[in-house]
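Shown next: target_20.txt, containing compact mmCIF, C-alpha atoms (C1' of nucleotides).
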# COMPACT_ATOMS: atom_id res chain seq x y z
CA MET V 278 -16.38 7.07 -37.03
CA PHE V 279 -17.31 7.67 -33.40
CA ASP V 280 -19.78 4.85 -32.96
CA LYS V 281 -17.56 2.76 -30.70
CA LEU V 282 -16.84 5.68 -28.42
CA LEU V 283 -20.52 6.68 -28.29
CA LYS V 284 -21.43 3.12 -27.47
CA TYR V 285 -18.86 3.20 -24.70
CA VAL V 286 -20.20 6.48 -23.33
CA ALA V 287 -23.75 5.15 -23.45
CA LYS V 288 -22.80 2.40 -21.03
CA TYR V 289 -22.39 5.04 -18.33
CA ILE V 290 -24.49 8.06 -19.22
CA SER V 291 -27.15 9.01 -21.78
CA LEU V 292 -26.59 12.01 -23.96
CA THR V 293 -29.16 14.08 -25.83
CA GLU V 294 -28.71 14.46 -29.58
CA GLU V 295 -27.48 17.95 -29.02
CA GLU V 296 -24.92 16.84 -26.47
CA THR V 297 -23.78 14.05 -28.75
CA ALA V 298 -23.32 16.49 -31.59
CA PHE V 299 -21.40 18.89 -29.38
CA PHE V 300 -19.20 16.15 -28.01
CA THR V 301 -18.38 14.57 -31.36
CA SER V 302 -17.67 17.95 -32.92
CA LEU V 303 -14.69 18.24 -30.57
CA LEU V 304 -13.15 14.86 -31.36
CA LYS V 305 -10.30 14.12 -33.71
CA VAL V 306 -9.22 10.86 -35.23
CA ARG V 307 -5.67 9.75 -35.69
CA LEU V 308 -4.29 6.86 -37.69
CA LEU V 309 -1.12 5.11 -36.68
CA ARG V 310 1.12 2.64 -38.45
CA LYS V 311 2.53 -0.26 -36.52
CA ARG V 312 5.52 0.95 -34.42
CA GLN V 313 4.48 4.58 -34.78
CA TYR V 314 4.56 6.72 -31.63
CA LEU V 315 1.38 8.21 -30.29
CA LEU V 316 3.31 9.87 -27.50
CA GLN V 317 7.00 10.03 -26.71
CA ALA V 318 8.43 10.31 -23.22
CA GLY V 319 9.50 13.91 -22.71
CA ASP V 320 6.70 15.33 -24.84
CA VAL V 321 3.52 16.59 -23.23
CA SER V 322 0.42 14.46 -23.63
CA ARG V 323 -2.11 16.75 -25.28
CA ASN V 324 -4.91 14.19 -25.56
CA GLU V 325 -6.80 11.34 -24.02
CA TYR V 326 -6.88 8.44 -26.47
CA PHE V 327 -9.70 6.01 -27.13
CA VAL V 328 -8.80 3.05 -29.31
CA ASN V 329 -11.11 2.46 -32.26
CA SER V 330 -9.05 -0.31 -33.81
CA GLY V 331 -5.67 -1.91 -33.51
CA CYS V 332 -3.62 -2.07 -30.35
CA LEU V 333 -1.07 -0.04 -28.46
CA ARG V 334 1.15 -0.11 -25.44
CA ALA V 335 2.40 2.41 -22.89
CA TYR V 336 5.86 1.82 -21.47
CA THR V 337 8.82 3.42 -19.78
CA VAL V 338 12.45 3.04 -20.73
CA ASP V 339 14.89 2.86 -17.83
CA ASP V 340 18.47 4.10 -17.70
CA LYS V 341 19.72 0.72 -18.96
CA GLY V 342 17.48 1.00 -22.01
CA MET V 343 15.06 -1.68 -20.79
CA GLU V 344 11.39 -1.20 -21.61
CA HIS V 345 8.69 -1.71 -18.99
CA VAL V 346 5.11 -2.02 -20.17
CA VAL V 347 2.64 -0.11 -18.00
CA GLN V 348 -0.43 -0.83 -20.04
CA PHE V 349 -1.78 -2.53 -23.12
CA ALA V 350 -4.80 -1.19 -24.99
CA ILE V 351 -7.03 -2.74 -27.63
CA GLU V 352 -10.33 -1.68 -29.22
CA GLU V 353 -12.55 0.31 -26.88
CA TRP V 354 -9.85 0.84 -24.28
CA TRP V 355 -8.32 4.13 -23.26
CA ILE V 356 -4.62 4.81 -23.15
CA ASN V 357 -2.61 7.79 -21.99
CA ASP V 358 0.05 9.19 -19.73
CA LEU V 359 -2.56 10.56 -17.38
CA TYR V 360 -0.19 12.55 -15.24
CA SER V 361 1.33 14.33 -18.21
CA PHE V 362 -2.12 14.97 -19.65
CA LEU V 363 -3.51 16.48 -16.48
CA THR V 364 -0.53 18.59 -15.51
CA GLN V 365 0.68 19.31 -19.04
CA THR V 366 4.20 18.31 -18.06
CA PRO V 367 6.59 16.03 -19.97
CA ALA V 368 5.44 12.43 -20.21
CA ALA V 369 7.22 9.57 -18.46
CA TYR V 370 5.69 7.01 -20.79
CA ASN V 371 6.03 6.24 -24.45
CA ILE V 372 2.94 5.07 -26.24
CA ASP V 373 3.16 3.35 -29.60
CA ALA V 374 1.11 1.22 -31.93
CA VAL V 375 1.67 -2.53 -31.73
CA GLU V 376 -0.68 -3.00 -34.69
CA ASP V 377 -1.89 -0.36 -37.15
CA ALA V 378 -4.37 1.61 -35.11
CA GLU V 379 -7.09 4.23 -35.21
CA VAL V 380 -7.52 6.33 -32.10
CA ILE V 381 -9.93 9.08 -31.12
CA CYS V 382 -8.26 12.07 -29.50
CA ILE V 383 -9.80 14.21 -26.80
CA GLY V 384 -7.67 17.29 -26.25
CA ARG V 385 -6.89 18.71 -22.84
CA ASP V 386 -9.11 21.73 -23.42
CA THR V 387 -11.86 19.57 -24.83
CA TYR V 388 -11.71 17.39 -21.76
CA GLU V 389 -12.27 20.40 -19.50
CA LEU V 390 -14.89 21.87 -21.77
CA VAL V 391 -16.89 18.68 -22.00
CA LEU V 392 -16.80 18.22 -18.23
CA GLU V 393 -17.96 21.81 -17.80
CA LYS V 394 -20.71 21.81 -20.42
CA ILE V 395 -21.93 18.27 -19.88
CA PRO V 396 -21.29 17.46 -16.21
CA LYS V 397 -22.68 13.97 -16.75
CA PHE V 398 -19.24 13.17 -18.11
CA GLU V 399 -17.84 13.52 -14.60
CA ARG V 400 -19.82 10.42 -13.81
CA MET V 401 -18.46 8.47 -16.74
CA TYR V 402 -14.88 9.34 -15.91
CA ARG V 403 -15.47 8.70 -12.23
CA ILE V 404 -16.67 5.18 -12.97
CA MET V 405 -13.90 4.62 -15.50
CA PHE V 406 -11.16 5.61 -13.10
CA GLN V 407 -12.80 3.72 -10.27
CA SER V 408 -12.75 0.48 -12.27
CA SER V 409 -9.27 1.10 -13.50
CA LEU V 410 -8.10 1.68 -9.96
CA ILE V 411 -9.48 -1.66 -8.84
CA THR V 412 -7.66 -3.39 -11.70
CA HIS V 413 -4.42 -1.64 -10.85
CA GLN V 414 -4.65 -2.57 -7.17
CA ARG V 415 -5.15 -6.16 -8.14
CA ARG V 416 -2.12 -6.04 -10.41
CA ILE V 417 0.01 -4.67 -7.59
CA ILE V 418 -1.08 -7.40 -5.21
CA GLU V 419 -0.32 -10.02 -7.82
CA ASN V 420 3.08 -8.52 -8.53
CA ILE V 421 4.12 -8.52 -4.91
CA SER V 422 2.59 -11.82 -3.88
CA LEU V 423 2.80 -14.26 -6.79
CA PRO V 424 5.69 -15.98 -8.57
CA ALA V 425 6.19 -15.22 -12.24
CA HIS V 426 4.49 -18.34 -13.60
CA GLU V 427 1.35 -17.62 -11.58
CA ARG V 428 1.23 -14.05 -12.82
CA TYR V 429 1.49 -15.33 -16.36
CA ARG V 430 -1.25 -17.87 -15.80
CA LEU V 431 -3.58 -15.17 -14.48
CA PHE V 432 -2.67 -12.90 -17.35
CA LEU V 433 -3.72 -15.56 -19.86
CA GLU V 434 -6.91 -16.21 -17.96
CA ARG V 435 -7.84 -12.56 -17.76
CA TYR V 436 -6.73 -11.38 -21.19
CA PRO V 437 -6.73 -14.44 -23.45
CA GLN V 438 -6.81 -12.37 -26.61
CA PHE V 439 -3.60 -10.52 -25.68
CA GLU V 440 -1.49 -13.61 -26.21
CA GLN V 441 -2.07 -13.39 -29.98
CA ARG V 442 -1.83 -9.65 -30.29
CA PHE V 443 1.22 -8.66 -28.28
CA PRO V 444 4.71 -10.07 -28.76
CA GLN V 445 5.99 -12.26 -26.01
CA HIS V 446 8.74 -9.94 -24.86
CA GLN V 447 6.18 -7.19 -24.28
CA ILE V 448 4.04 -9.53 -22.22
CA ALA V 449 7.14 -10.49 -20.24
CA SER V 450 7.81 -6.83 -19.63
CA TYR V 451 4.21 -6.25 -18.51
CA LEU V 452 4.60 -9.10 -16.03
CA GLY V 453 7.89 -7.73 -14.75
CA ILE V 454 10.14 -10.52 -16.00
CA THR V 455 12.71 -10.95 -18.79
CA PRO V 456 11.78 -12.45 -22.17
CA GLU V 457 14.10 -15.39 -21.41
CA SER V 458 12.24 -16.12 -18.20
CA LEU V 459 8.86 -16.04 -19.91
CA SER V 460 10.13 -18.36 -22.59
CA ARG V 461 11.20 -20.86 -19.92
CA ILE V 462 7.91 -20.51 -18.05
CA ARG V 463 5.98 -21.25 -21.24
CA LYS V 464 8.16 -24.26 -21.89
CA GLN V 465 7.40 -25.64 -18.44
CA LEU V 466 3.67 -25.01 -18.81
CA ALA V 467 3.72 -26.83 -22.15
CA GLU V 468 5.56 -29.82 -20.66
CA LYS V 469 3.11 -30.19 -17.79
CA GLY V 470 0.19 -30.07 -20.21
CA MET L 224 -16.15 16.01 13.92
CA PHE L 225 -16.34 16.30 10.15
CA ASP L 226 -14.06 19.29 9.65
CA LYS L 227 -11.21 17.34 8.09
CA LEU L 228 -13.51 15.66 5.62
CA LEU L 229 -15.23 18.93 4.75
CA LYS L 230 -11.87 20.56 4.25
CA TYR L 231 -10.95 17.68 1.96
CA VAL L 232 -14.17 18.03 -0.02
CA ALA L 233 -13.67 21.77 -0.32
CA LYS L 234 -10.41 21.18 -2.19
CA TYR L 235 -12.44 19.82 -5.08
CA ILE L 236 -15.95 21.28 -4.93
CA SER L 237 -17.84 23.92 -3.00
CA LEU L 238 -20.99 22.97 -1.17
CA THR L 239 -23.82 25.20 -0.04
CA GLU L 240 -24.68 25.15 3.66
CA GLU L 241 -27.69 23.08 2.87
CA GLU L 242 -25.67 20.54 0.94
CA THR L 243 -23.10 20.40 3.71
CA ALA L 244 -25.83 19.75 6.26
CA PHE L 245 -27.36 17.05 4.09
CA PHE L 246 -24.03 15.40 3.47
CA THR L 247 -22.86 15.41 7.09
CA SER L 248 -26.22 14.14 8.30
CA LEU L 249 -25.48 10.91 6.45
CA LEU L 250 -22.03 10.31 7.92
CA LYS L 251 -21.09 8.04 10.77
CA VAL L 252 -17.96 7.99 12.87
CA ARG L 253 -16.21 4.89 14.06
CA LEU L 254 -13.42 4.50 16.62
CA LEU L 255 -10.90 1.73 16.37
CA ARG L 256 -8.33 0.39 18.78
CA LYS L 257 -4.93 -0.55 17.51
CA ARG L 258 -5.09 -3.96 15.76
CA GLN L 259 -8.89 -3.79 15.48
CA TYR L 260 -10.43 -4.78 12.16
CA LEU L 261 -12.33 -2.24 10.13
CA LEU L 262 -13.05 -4.86 7.48
CA GLN L 263 -12.30 -8.55 7.31
CA ALA L 264 -11.71 -10.45 4.10
CA GLY L 265 -14.86 -12.39 3.30
CA ASP L 266 -17.18 -9.76 4.75
CA VAL L 267 -18.82 -7.22 2.49
CA SER L 268 -17.49 -3.66 2.65
CA ARG L 269 -20.52 -1.55 3.54
CA ASN L 270 -18.69 1.78 3.68
CA GLU L 271 -16.10 4.07 2.25
CA TYR L 272 -13.72 5.14 4.99
CA PHE L 273 -12.08 8.52 5.48
CA VAL L 274 -9.39 8.64 8.15
CA ASN L 275 -9.78 11.40 10.74
CA SER L 276 -6.93 10.28 12.94
CA GLY L 277 -4.61 7.34 13.42
CA CYS L 278 -3.52 5.01 10.67
CA LEU L 279 -4.62 1.83 8.97
CA ARG L 280 -3.59 -0.69 6.39
CA ALA L 281 -5.33 -2.82 3.79
CA TYR L 282 -3.79 -6.21 3.04
CA THR L 283 -4.42 -9.66 1.66
CA VAL L 284 -3.42 -12.93 3.25
CA ASP L 285 -2.25 -15.61 0.83
CA ASP L 286 -2.64 -19.37 1.13
CA LYS L 287 0.69 -19.60 3.02
CA GLY L 288 -0.55 -17.11 5.58
CA MET L 289 1.68 -14.31 4.32
CA GLU L 290 0.30 -10.78 4.47
CA HIS L 291 0.63 -8.41 1.51
CA VAL L 292 -0.05 -4.73 2.14
CA VAL L 293 -2.06 -3.08 -0.63
CA GLN L 294 -2.37 0.31 0.96
CA PHE L 295 -1.52 2.41 3.97
CA ALA L 296 -3.76 5.24 5.12
CA ILE L 297 -3.16 8.10 7.54
CA GLU L 298 -5.15 11.23 8.42
CA GLU L 299 -7.17 12.59 5.51
CA TRP L 300 -6.68 9.53 3.35
CA TRP L 301 -9.35 7.14 2.19
CA ILE L 302 -9.20 3.42 2.57
CA ASN L 303 -11.45 0.62 1.40
CA ASP L 304 -11.85 -2.57 -0.54
CA LEU L 305 -13.35 -0.70 -3.45
CA TYR L 306 -14.43 -3.74 -5.42
CA SER L 307 -16.28 -5.22 -2.48
CA PHE L 308 -17.88 -1.87 -1.73
CA LEU L 309 -19.12 -1.30 -5.25
CA THR L 310 -20.35 -4.78 -5.99
CA GLN L 311 -21.35 -5.67 -2.41
CA THR L 312 -19.48 -8.96 -2.67
CA PRO L 313 -17.08 -10.47 -0.12
CA ALA L 314 -13.91 -8.48 0.38
CA ALA L 315 -10.49 -9.74 -0.67
CA TYR L 316 -8.72 -7.35 1.68
CA ASN L 317 -8.49 -7.03 5.42
CA ILE L 318 -8.32 -3.53 6.83
CA ASP L 319 -7.16 -2.90 10.37
CA ALA L 320 -5.92 -0.11 12.57
CA VAL L 321 -2.15 0.21 12.94
CA GLU L 322 -2.68 2.95 15.53
CA ASP L 323 -5.89 3.81 17.39
CA ALA L 324 -7.99 5.49 14.74
CA GLU L 325 -11.11 7.48 14.05
CA VAL L 326 -12.73 7.00 10.67
CA ILE L 327 -15.73 8.56 8.97
CA CYS L 328 -18.00 6.03 7.27
CA ILE L 329 -19.95 6.64 4.10
CA GLY L 330 -22.38 3.82 3.52
CA ARG L 331 -23.01 2.25 0.13
CA ASP L 332 -26.51 3.78 -0.06
CA THR L 333 -25.23 7.12 1.14
CA TYR L 334 -22.59 7.06 -1.55
CA GLU L 335 -25.25 6.60 -4.25
CA LEU L 336 -27.60 9.08 -2.65
CA VAL L 337 -24.99 11.79 -2.35
CA LEU L 338 -23.92 11.32 -5.96
CA GLU L 339 -27.55 11.53 -7.03
CA LYS L 340 -28.58 14.52 -4.93
CA ILE L 341 -25.33 16.46 -5.21
CA PRO L 342 -23.82 15.57 -8.57
CA LYS L 343 -20.85 17.79 -7.83
CA PHE L 344 -19.55 14.83 -5.83
CA GLU L 345 -19.05 12.97 -9.08
CA ARG L 346 -16.34 15.48 -9.77
CA MET L 347 -14.65 15.03 -6.44
CA TYR L 348 -14.59 11.27 -6.77
CA ARG L 349 -13.49 11.51 -10.39
CA ILE L 350 -10.47 13.58 -9.41
CA MET L 351 -9.76 11.38 -6.41
CA PHE L 352 -9.74 8.19 -8.43
CA GLN L 353 -7.81 9.85 -11.22
CA SER L 354 -5.01 10.83 -8.83
CA SER L 355 -5.06 7.49 -7.15
CA LEU L 356 -4.79 5.76 -10.49
CA ILE L 357 -1.68 7.74 -11.38
CA THR L 358 -0.09 6.77 -8.06
CA HIS L 359 -0.94 3.12 -8.60
CA GLN L 360 0.50 3.10 -12.10
CA ARG L 361 3.70 4.53 -10.78
CA ARG L 362 3.85 1.90 -8.09
CA ILE L 363 3.45 -0.85 -10.68
CA ILE L 364 6.24 0.54 -12.83
CA GLU L 365 8.50 0.76 -9.82
CA ASN L 366 7.68 -2.78 -8.78
CA ILE L 367 8.48 -4.24 -12.16
CA SER L 368 11.50 -2.11 -12.97
CA LEU L 369 13.43 -1.37 -9.78
CA PRO L 370 15.39 -3.52 -7.36
CA ALA L 371 14.19 -3.69 -3.76
CA HIS L 372 16.62 -1.13 -2.34
CA GLU L 373 15.55 1.45 -4.91
CA ARG L 374 11.88 0.88 -4.17
CA TYR L 375 12.62 1.40 -0.51
CA ARG L 376 14.56 4.60 -1.18
CA LEU L 377 11.67 6.00 -3.20
CA PHE L 378 9.21 4.97 -0.53
CA LEU L 379 11.15 6.94 2.09
CA GLU L 380 11.41 9.91 -0.22
CA ARG L 381 7.71 9.92 -1.01
CA TYR L 382 6.26 9.01 2.37
CA PRO L 383 8.85 10.06 4.97
CA GLN L 384 6.33 10.06 7.79
CA PHE L 385 5.39 6.40 7.18
CA GLU L 386 8.73 5.19 8.44
CA GLN L 387 7.79 6.17 12.00
CA ARG L 388 4.19 5.07 11.87
CA PHE L 389 4.23 1.66 10.26
CA PRO L 390 6.27 -1.30 11.47
CA GLN L 391 9.09 -2.37 9.26
CA HIS L 392 7.64 -5.72 8.32
CA GLN L 393 4.52 -3.99 6.98
CA ILE L 394 6.64 -1.65 4.90
CA ALA L 395 8.55 -4.66 3.59
CA SER L 396 5.26 -6.25 2.65
CA TYR L 397 4.11 -3.08 0.88
CA LEU L 398 7.34 -3.09 -1.11
CA GLY L 399 6.92 -6.74 -2.01
CA ILE L 400 9.90 -8.09 -0.06
CA THR L 401 10.43 -10.09 3.13
CA PRO L 402 11.14 -8.41 6.48
CA GLU L 403 14.59 -10.02 6.48
CA SER L 404 15.41 -8.48 3.13
CA LEU L 405 14.31 -5.03 4.23
CA SER L 406 16.40 -5.34 7.36
CA ARG L 407 19.46 -6.11 5.25
CA ILE L 408 18.71 -3.29 2.84
CA ARG L 409 18.51 -0.83 5.73
CA LYS L 410 21.79 -2.10 7.08
CA GLN L 411 23.49 -1.51 3.75
CA LEU L 412 22.02 1.97 3.42
CA ALA L 413 23.25 2.83 6.92
CA GLU L 414 26.75 1.59 6.13
CA LYS L 415 27.02 3.65 2.97
CA GLY L 416 25.96 6.80 4.83
C1' DC S 199 16.23 -14.67 -50.52
C1' DG S 200 18.46 -12.01 -47.03
C1' DT S 201 18.18 -9.15 -43.04
C1' DC S 202 16.41 -7.90 -38.83
C1' DT S 203 14.02 -9.01 -34.79
C1' DA S 204 11.96 -12.34 -31.63
C1' DT S 205 12.33 -16.52 -29.23
C1' DT S 206 14.72 -20.36 -27.36
C1' DT S 207 18.40 -22.64 -24.99
C1' DG S 208 22.54 -22.99 -22.08
C1' DA S 209 25.77 -21.74 -18.39
C1' DA S 210 27.14 -18.79 -14.78
C1' DT S 211 25.73 -15.25 -11.54
C1' DG S 212 23.08 -12.68 -8.28
C1' DT S 213 19.32 -11.06 -5.69
C1' DA S 214 16.08 -12.09 -2.68
C1' DC S 215 14.04 -16.04 -0.15
C1' DT S 216 13.59 -19.71 3.49
C1' DC S 217 14.69 -21.51 7.76
C1' DA S 218 16.73 -20.96 12.14
C1' DA S 219 18.32 -18.53 15.94
C1' DA S 220 19.72 -14.46 18.54
C1' DA S 221 19.02 -9.82 19.97
C1' DG S 222 16.09 -5.87 20.73
C1' DC S 223 11.89 -3.58 22.17
C1' DG S 224 7.44 -2.71 24.21
C1' DG S 225 3.74 -3.68 26.93
C1' DT S 226 1.74 -6.06 31.05
C1' DG S 227 1.34 -7.78 35.46
C1' DG S 228 3.42 -8.99 39.77
C1' DC N 222 9.81 -0.57 39.13
C1' DC N 223 11.37 -4.52 37.38
C1' DA N 224 10.80 -9.08 35.23
C1' DC N 225 8.77 -11.56 31.88
C1' DC N 226 6.49 -12.55 27.55
C1' DG N 227 5.50 -11.86 22.86
C1' DC N 228 6.47 -9.69 18.81
C1' DT N 229 9.76 -7.30 15.77
C1' DT N 230 14.14 -6.85 13.90
C1' DT N 231 18.63 -8.55 13.01
C1' DT N 232 22.01 -11.89 11.56
C1' DG N 233 23.68 -16.17 9.43
C1' DA N 234 23.77 -20.09 6.24
C1' DG N 235 21.99 -22.47 2.48
C1' DT N 236 18.75 -22.37 -1.46
C1' DA N 237 15.83 -21.10 -5.29
C1' DC N 238 14.21 -18.34 -8.73
C1' DA N 239 15.04 -15.19 -12.03
C1' DT N 240 18.72 -12.59 -14.26
C1' DT N 241 22.68 -11.72 -17.38
C1' DC N 242 25.42 -12.81 -21.17
C1' DA N 243 26.11 -15.44 -25.17
C1' DA N 244 24.80 -18.12 -28.94
C1' DA N 245 21.62 -20.71 -31.79
C1' DT N 246 17.18 -21.11 -33.96
C1' DA N 247 12.94 -19.48 -35.71
C1' DG N 248 9.88 -16.01 -37.80
C1' DA N 249 8.51 -11.78 -40.05
C1' DC N 250 9.02 -8.39 -43.58
C1' DG N 251 10.75 -6.13 -47.37
In structure tokens, write the structure found in this file.
Amino acid sequence: MFDKLLKYVAKYISLTEEETAFFTSLLKVRLLRKRQYLLQAGDVSRNEYFVNSGCLRAYTVDDKGMEHVVQFAIEEWWINDLYSFLTQTPAAYNIDAVEDAEVICIGRDTYELVLEKIPKFERMYRIMFQSSLITHQRRIIENISLPAHERYRLFLERYPQFEQRFPQHQIASYLGITPESLSRIRKQLAEKG
Amino acid sequence: MFDKLLKYVAKYISLTEEETAFFTSLLKVRLLRKRQYLLQAGDVSRNEYFVNSGCLRAYTVDDKGMEHVVQFAIEEWWINDLYSFLTQTPAAYNIDAVEDAEVICIGRDTYELVLEKIPKFERMYRIMFQSSLITHQRRIIENISLPAHERYRLFLERYPQFEQRFPQHQIASYLGITPESLSRIRKQLAEKG
DNA sequence: CGTCTATTTGAATGTACTCAAAAGCGGTGG
DNA sequence: CCACCGCTTTTGAGTACATTCAAATAGACG
């Protein structure tokens, strides 16, 4: 049930049996059908989510009804509207399942409690956020400095498995372009070889 | 000397006098003239930098020689090429002083040592990176979903002081547009009132 | 099989870019 | 203190890339 998450945790910190038992006793599992919401914009994010299986996306919807993908998540990734979770204010992002999914939920109180009782977790989260920050900075640089076809090329290089698991229009949205544009970019790439 | 940094630290954790003494004994201060490099792309980032006074920017230079600003930093902000710092590999970013600046340097070894000896610091960094991550996510969403003039408007709203302290072409670069475009956007905003 | 959604293709439009040149501004030295 | 130089900002004209809107085709799912 929690083996993937415990494996993940073990990459950063080592827990005693007692700590492991305490930690896992606080976790909940949630199953989602494809297209089902995990979080809707406007609701408050009550949990951090760790993906056990399946895949999800976080996205905003602008005033014209266009979706903009902030993040994809597959097995062993985390996904959330972090700001909403931390401040317990309405979420800006929607999160839904792109495939049937199983996620582990860590509630807001649990998060605090775990950090208080097992301070080692501060380290895990510190490293997690640190890495995530580096990735996000890189994405920003790429967005402001590279043309769409280059961003797509890098996306394929970095996340080859995503191509099969996320529909093309969601990838387009993640890259900041329209589905039509991505379709044309793919056509050109195919022609060149 | 270290009062601003200690004040910053105190927002997140409380240190004993002994811990404070230990921590500050490991810090170094560095003065920079305007335009002086703090870090050059290709060199390894040996420190985390906390800005005491003045302001700096981190940016990449692409193959056409164009600069792309990743981050601005003013008093009481941190700036670094985090990936280079953590992995001790050559930096992708340049960092230089936009105004004469004074920065506090925390060396790579110091960083580890402080985290080991005073684990409370894990918490501070965790919260720091967490907040920074939220900001970066928001910037990505804005970059992929908003037109240039909207991004500029939000930039002014969020960082009103930056307008006076950073030259316009650097702000343009941060927003992912050319200086010419920003100039035209400003003209239009002025005309509308 | 039929319906709904995703992807492709086409044509017209628009936003931001490039290149070029002028105007503005700040710092430096005579 | 003023004149000059270099860098920044502005303005203009032409261009390119990506967008919008519309329609056709292809795929997925019940």
Item to check | L:Asp323 environment, 12 Å, only C-alpha atoms (C1' of nucleotides), sequence neighbours closer than 4 positions dropped, as a list in words | outcome: Arg253, Leu254, Leu255, Arg256, Lys257, Arg258, Gln259, Tyr260, Leu261, Val274, Asn275, Ser276, Gly277, Cys278, Leu279, Ile297, Glu298, Asp319 and Arg388 of chain L
Item to check | For stretch 328-343 of chain L: contacts at 12 Å, all atoms listed in the file, fewer than 6 positions along chain excluded, given as JSON, numbers by chain | outcome: {"V": [392, 393, 395, 396, 397, 398, 399, 400, 403, 404], "L": [225, 228, 232, 233, 235, 236, 237, 238, 239, 241, 242, 243, 244, 245, 246, 247, 248, 249, 250, 251, 252, 253, 254, 261, 262, 267, 268, 269, 270, 271, 272, 273, 274, 275, 301, 302, 303, 305, 306, 307, 308, 309, 310, 311, 349, 350]}
Under the rule of at most 8 Å, produce a per-residue listing of chain N near chain L: chain, number, name, the closest pair of atoms, and the distance in Å, as a Markdown table, using only C-alpha atoms (C1' of nucleotides).
| residue | atom | partner | partner_atom | distance |
| --- | --- | --- | --- | --- |
| N:DT229 | C1' | L:His392 | CA | 7.9 |
| N:DT230 | C1' | L:Ser406 | CA | 7.1 |
| N:DT231 | C1' | L:Ser406 | CA | 6.9 |
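The gap separating atom CA of L:Val326 from atom CA of L:Lys230 is 15.0 Å, in Å to one decimal.
Near chain L, within 10 Å and counting all atoms listed in the file, the residues of chain S are DT213, DA214 and DC215 of chain S.
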Take the residues from that selection and put them in a file with C-alpha atoms (C1' of nucleotides), as a tab-separated table (two decimals), in the coordinates of the input.
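And here's part.tsv as it stands now:
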chain	number	residue	atom	x	y	z
S	213	DT	C1'	19.32	-11.06	-5.69
S	214	DA	C1'	16.08	-12.09	-2.68
S	215	DC	C1'	14.04	-16.04	-0.15
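Take the candidates V:Ile448, V:Ala374, V:Leu410, V:Leu283 and check each one against chain L using all atoms listed in the file; the shortest distance goes to V:Leu410.
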Checklist outcome for this item: Taken to one decimal, the atom CA of L:Met347-atom CA of L:Ile327 distance is 16.7 Å
Next on the checklist: Would you mind listing, as a count of residues only, all residues of chain V that have at least one atom within 10 Å of chain L, where only C-alpha atoms are what counts?
Outcome noted: 50
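Distance-wise, atom CA of L:His372 and atom CA of L:Gln393 end up 15.5 Å apart.
If you measure from each of S:DC217, S:DA209, S:DG222, S:DG228 to N:DC242 using only C-alpha atoms (C1' of nucleotides), the closest one turns out to be S:DA209.
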Item to check | Distance query N:DT246 at most 10 Å, all atoms listed in the file, self and fewer than 5 positions along chain excluded, as a VMD selection string | outcome: chain S and resid 205 to 207
Would you place a box with edges along x, y and z of the file around all atoms of stretch 208-215 of chain S listed there, add 3 Å to each of its six sides, and report the centre and edge lengths in Å to one decimal, as lines of an AutoDock Vina configuration file?
center_x = 20.6
center_y = -17.0
center_z = -11.1
size_x = 19.1
size_y = 17.9
size_z = 27.9
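Non-sequential neighbours of N:DA249 (distance at most 12 Å, separation of 2 or more positions within a chain, all atoms listed in the file) are DT201, DC202, DT203 and DA204 of chain S; DA247 and DG251 of chain N.
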